[in-house]
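First the structure, in the form of structure tokens, and then the observations on it.
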Amino acid sequence: MTQPIRVGFALTGSFCTHARVLSVMETMRDEGFALTPILSFNAGAMDTRFGTADELRKRLLEICGKPPIDTIEAAEPVGPKALFDLLAVAPCTGNTIAKLAYAITDTPVTMAVKSHLRGGRPVLLAVSTNDALSGSAANIGTLLNRRHYYFVPMKQDAPQAKPCSVVAEMEKLPEAVRAALEGRQLQPVFC
């Protein structure tokens, strides 16, 4: 019997994409992935027009069968205990991208990534930010050139209304996970 692929699934504060990400997580669970949720402080605590923090936590428990990792202390053992084959950050905001580019570790998500990377295991980023083609572009470029980072293919989501906004094609997450585990970037990066 084949062991399931163990994915740490970190959500950050791009609240408008949470519903799409949760849907993909359900698909991945149904395909046999073993998912462990991780929440940034904002994703885990803020109520927005897209839903409440309690609703998000309940959905994650339903999908993954376990409560989310939501403290820095709880995220630190991710690497030393080799908890995951791959760590996905979906959605990954411009704020989180900047923190990862500059090795800032001040949320459960950034701690999980730092801890996971110490074992040389892959991190998959699903970008969702309104400034990907402006303020966050340099940080995305930095991570594209860093070992063990991979990206879910992404595209402009509203080029006329928001010309700098980019969002990952979330439905490609399972395929991007498999590619990253093989040490390759799913192409094209920008659709």
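Ordering of the structure tokens sets the chain letters (A, B, ...), residue numbers begin anew at 1 in every chain, and ligands are numbered from 1 in the order given.
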Leaving out stretch 171-173 of chain A and any residue of its chain fewer than 4 positions from it, which residues lie within 9 Å of it when counting only C-alpha atoms, given as a PyMOL selection string?
-> chain A and resi 20-21+23-25+28+88+90+124+126+152-153+177-178
Go ahead and save the picked residues with N, CA, C and O atoms, as a PDB file, in the first residue's frame.
```pdb
ATOM      1  N   ARG A  20     -12.019  29.015  -2.862  1.00  0.00           N
ATOM      2  CA  ARG A  20     -11.405  28.211  -3.930  1.00  0.00           C
ATOM      3  C   ARG A  20     -10.363  27.257  -3.369  1.00  0.00           C
ATOM      4  O   ARG A  20     -10.268  26.097  -3.795  1.00  0.00           O
ATOM      5  N   VAL A  21      -9.574  27.733  -2.420  1.00  0.00           N
ATOM      6  CA  VAL A  21      -8.543  26.893  -1.814  1.00  0.00           C
ATOM      7  C   VAL A  21      -9.184  25.737  -1.047  1.00  0.00           C
ATOM      8  O   VAL A  21      -8.738  24.585  -1.149  1.00  0.00           O
ATOM      9  N   SER A  23     -11.995  24.306  -1.614  1.00  0.00           N
ATOM     10  CA  SER A  23     -12.513  23.362  -2.599  1.00  0.00           C
ATOM     11  C   SER A  23     -11.394  22.459  -3.127  1.00  0.00           C
ATOM     12  O   SER A  23     -11.568  21.241  -3.269  1.00  0.00           O
ATOM     13  N   VAL A  24     -10.238  23.049  -3.408  1.00  0.00           N
ATOM     14  CA  VAL A  24      -9.097  22.262  -3.885  1.00  0.00           C
ATOM     15  C   VAL A  24      -8.610  21.319  -2.783  1.00  0.00           C
ATOM     16  O   VAL A  24      -8.242  20.172  -3.062  1.00  0.00           O
ATOM     17  N   MET A  25      -8.637  21.784  -1.555  1.00  0.00           N
ATOM     18  CA  MET A  25      -8.234  20.914  -0.449  1.00  0.00           C
ATOM     19  C   MET A  25      -9.155  19.687  -0.363  1.00  0.00           C
ATOM     20  O   MET A  25      -8.679  18.575  -0.119  1.00  0.00           O
ATOM     21  N   MET A  28      -8.089  17.344  -3.054  1.00  0.00           N
ATOM     22  CA  MET A  28      -6.831  16.690  -2.698  1.00  0.00           C
ATOM     23  C   MET A  28      -7.058  15.611  -1.641  1.00  0.00           C
ATOM     24  O   MET A  28      -6.489  14.522  -1.736  1.00  0.00           O
ATOM     25  N   ALA A  88       2.670  23.558   1.268  1.00  0.00           N
ATOM     26  CA  ALA A  88       2.026  24.472   0.324  1.00  0.00           C
ATOM     27  C   ALA A  88       1.522  25.698   1.069  1.00  0.00           C
ATOM     28  O   ALA A  88       0.931  25.560   2.147  1.00  0.00           O
ATOM     29  N   ALA A  90      -1.088  28.428   0.362  1.00  0.00           N
ATOM     30  CA  ALA A  90      -2.158  28.732  -0.595  1.00  0.00           C
ATOM     31  C   ALA A  90      -3.382  29.219   0.162  1.00  0.00           C
ATOM     32  O   ALA A  90      -3.953  28.447   0.923  1.00  0.00           O
ATOM     33  N   LEU A 124       5.726  24.973  -1.877  1.00  0.00           N
ATOM     34  CA  LEU A 124       4.943  25.358  -3.044  1.00  0.00           C
ATOM     35  C   LEU A 124       4.118  26.598  -2.702  1.00  0.00           C
ATOM     36  O   LEU A 124       3.340  26.580  -1.740  1.00  0.00           O
ATOM     37  N   ALA A 126       1.288  29.463  -3.801  1.00  0.00           N
ATOM     38  CA  ALA A 126       0.157  29.796  -4.672  1.00  0.00           C
ATOM     39  C   ALA A 126      -0.147  31.278  -4.471  1.00  0.00           C
ATOM     40  O   ALA A 126      -0.888  31.657  -3.564  1.00  0.00           O
ATOM     41  N   VAL A 152       2.751  27.527  -7.943  1.00  0.00           N
ATOM     42  CA  VAL A 152       1.586  27.089  -8.694  1.00  0.00           C
ATOM     43  C   VAL A 152       1.474  28.069  -9.870  1.00  0.00           C
ATOM     44  O   VAL A 152       1.632  29.281  -9.672  1.00  0.00           O
ATOM     45  N   PRO A 153       1.236  27.592 -11.090  1.00  0.00           N
ATOM     46  CA  PRO A 153       1.084  28.525 -12.211  1.00  0.00           C
ATOM     47  C   PRO A 153       0.078  29.639 -11.880  1.00  0.00           C
ATOM     48  O   PRO A 153      -0.930  29.395 -11.207  1.00  0.00           O
ATOM     49  N   VAL A 177       1.943  20.099  -6.819  1.00  0.00           N
ATOM     50  CA  VAL A 177       2.527  19.346  -5.698  1.00  0.00           C
ATOM     51  C   VAL A 177       3.355  18.188  -6.246  1.00  0.00           C
ATOM     52  O   VAL A 177       4.511  17.976  -5.857  1.00  0.00           O
ATOM     53  N   ARG A 178       2.764  17.419  -7.145  1.00  0.00           N
ATOM     54  CA  ARG A 178       3.471  16.252  -7.698  1.00  0.00           C
ATOM     55  C   ARG A 178       4.747  16.675  -8.439  1.00  0.00           C
ATOM     56  O   ARG A 178       5.792  16.027  -8.316  1.00  0.00           O
TER      57      ARG A 178
END
```
Any idea what's packed within 8 Å of A:Cys64, counting only C-alpha atoms, ignoring anything in its chain fewer than 4 positions away? Could you give it as a PyMOL selection string?
-> chain A and resi 29+34-37+60
Please, which residues of stretch 21-150 of chain A, numbered as in this document, come out helix (DSSP H, G or I) from DSSP, as a compact mmCIF listing (two decimals) with C-alpha atoms, in the first residue's frame?
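For reference, states_13.txt as written:
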```
# COMPACT_ATOMS: atom_id res chain seq x y z
CA VAL A 21 -8.54 26.89 -1.81
CA LEU A 22 -10.91 24.95 0.46
CA SER A 23 -12.51 23.36 -2.60
CA VAL A 24 -9.10 22.26 -3.89
CA MET A 25 -8.23 20.91 -0.45
CA GLU A 26 -11.37 18.75 -0.56
CA THR A 27 -10.33 17.43 -3.97
CA MET A 28 -6.83 16.69 -2.70
CA ARG A 29 -8.21 14.89 0.35
CA ASP A 30 -10.44 12.81 -1.92
CA PHE A 41 -2.38 34.87 12.52
CA ASN A 42 -4.62 36.95 10.24
CA ALA A 43 -6.20 34.00 8.43
CA GLY A 44 -6.88 32.33 11.76
CA ALA A 45 -8.37 35.30 13.59
CA ALA A 53 -12.39 32.80 11.37
CA ASP A 54 -14.53 30.22 13.20
CA GLU A 55 -16.14 29.12 9.92
CA LEU A 56 -12.72 28.70 8.32
CA ARG A 57 -11.43 26.66 11.25
CA LYS A 58 -14.52 24.40 11.17
CA ARG A 59 -14.14 23.79 7.42
CA LEU A 60 -10.46 22.96 7.82
CA LEU A 61 -11.28 20.48 10.58
CA GLU A 62 -13.95 18.88 8.35
CA ILE A 63 -11.59 18.62 5.39
CA CYS A 64 -8.36 17.64 7.12
CA ILE A 72 4.69 29.80 16.04
CA GLU A 73 5.52 27.29 18.77
CA ALA A 74 3.36 24.61 17.17
CA ALA A 75 4.88 25.27 13.72
CA GLU A 76 8.53 25.00 14.84
CA PRO A 77 8.63 21.14 14.94
CA VAL A 78 7.50 20.88 11.29
CA GLY A 94 2.38 39.58 -1.04
CA ASN A 95 3.06 40.15 2.66
CA THR A 96 4.00 36.49 3.18
CA ILE A 97 6.06 36.45 -0.02
CA ALA A 98 8.06 39.44 1.28
CA LYS A 99 8.62 37.77 4.63
CA LEU A 100 9.84 34.59 2.96
CA ALA A 101 12.15 36.53 0.60
CA PRO A 108 2.94 30.24 12.13
CA VAL A 109 3.15 30.07 8.31
CA THR A 110 6.60 31.65 8.00
CA MET A 111 7.88 29.49 10.87
CA ALA A 112 6.48 26.35 9.22
CA VAL A 113 8.20 27.27 5.93
CA LYS A 114 11.53 28.04 7.63
CA SER A 115 11.37 24.84 9.64
CA HIS A 116 10.36 22.73 6.63
CA LEU A 117 13.14 24.17 4.44
CA ALA A 137 7.47 41.44 -8.16
CA ALA A 138 11.03 41.63 -6.80
CA ASN A 139 10.19 39.28 -3.93
CA ILE A 140 8.53 36.77 -6.27
CA GLY A 141 11.67 36.93 -8.44
CA THR A 142 13.84 36.30 -5.40
CA LEU A 143 11.90 33.18 -4.48
CA LEU A 144 11.81 31.94 -8.09
```
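Proximity of A:Thr107, A:Val166, A:Ile5, A:Val123 to A:Arg146, computed with only C-alpha atoms, is greatest for A:Val123.
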Compile the contact shell of A:Gln187 as a PyMOL selection string: residues with an atom at most 10 Å away, counting only C-alpha atoms, same-chain residues fewer than 4 positions apart removed.
-> chain A and resi 151-154+176+179+191
Each residue of stretch 16-131 of chain A with at least one atom at most 12 Å from stretch 155-161 of chain A should appear once, together with its nearest atom pair and the corresponding distance in Å (one decimal); atoms considered: only C-alpha atoms; ordering: chain, then increasing residue number; output as a Markdown table.
```
| residue | atom | partner | partner_atom | distance |
| --- | --- | --- | --- | --- |
| A:Thr17 | CA | A:Asp157 | CA | 11.5 |
| A:Ala126 | CA | A:Lys155 | CA | 10.8 |
| A:Val127 | CA | A:Lys155 | CA | 9.3 |
| A:Ser128 | CA | A:Asp157 | CA | 9.4 |
| A:Thr129 | CA | A:Asp157 | CA | 9.9 |
| A:Asn130 | CA | A:Asp157 | CA | 9.2 |
| A:Asp131 | CA | A:Gln156 | CA | 10.5 |
```
Surrounding residues of A:Thr12 excluding itself and chain neighbours under 4 positions, 6 Å, only C-alpha atoms, as an MDAnalysis selection string | chainID A and resid 40 43 91:92
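Within stretch 35-124 of chain A, the backbone-based DSSP assignment of strand (DSSP E) covers Leu35, Thr36, Pro37, Ile38, Leu39, Leu86, Leu87, Ala88, Val89, Ala90, Pro91, Cys92, Val123 and Leu124 of chain A.
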What is the atom CA of A:Ala10 to atom CA of A:Pro188 distance in Å?
-> 23.2 Å
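What separates atom CA of A:Thr93 from atom CA of A:Gly32 is a distance of 27.0 Å.
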Counting only C-alpha atoms, the residue of A:Asp47, A:Asp85, A:Glu175, A:Glu31 that sits nearest A:Gly13 =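 Closest to A:Gly13 of all the choices is A:Asp47.
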Determine, counting only C-alpha atoms, which protein, DNA and RNA residues have an atom within 12 Å of an atom of A:Arg49; residues of the same chain fewer than 4 positions away are not included. Present the result as a list of chain:residue names.
->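 So, after excluding close chain neighbours, the residues are A:Ser14, A:Phe15, A:Cys16, A:His18, A:Ala53.
Proximity of A:Ala180, A:Leu39, A:Met170, A:Leu11 to A:Pro68, computed with only C-alpha atoms, is greatest for A:Leu39.
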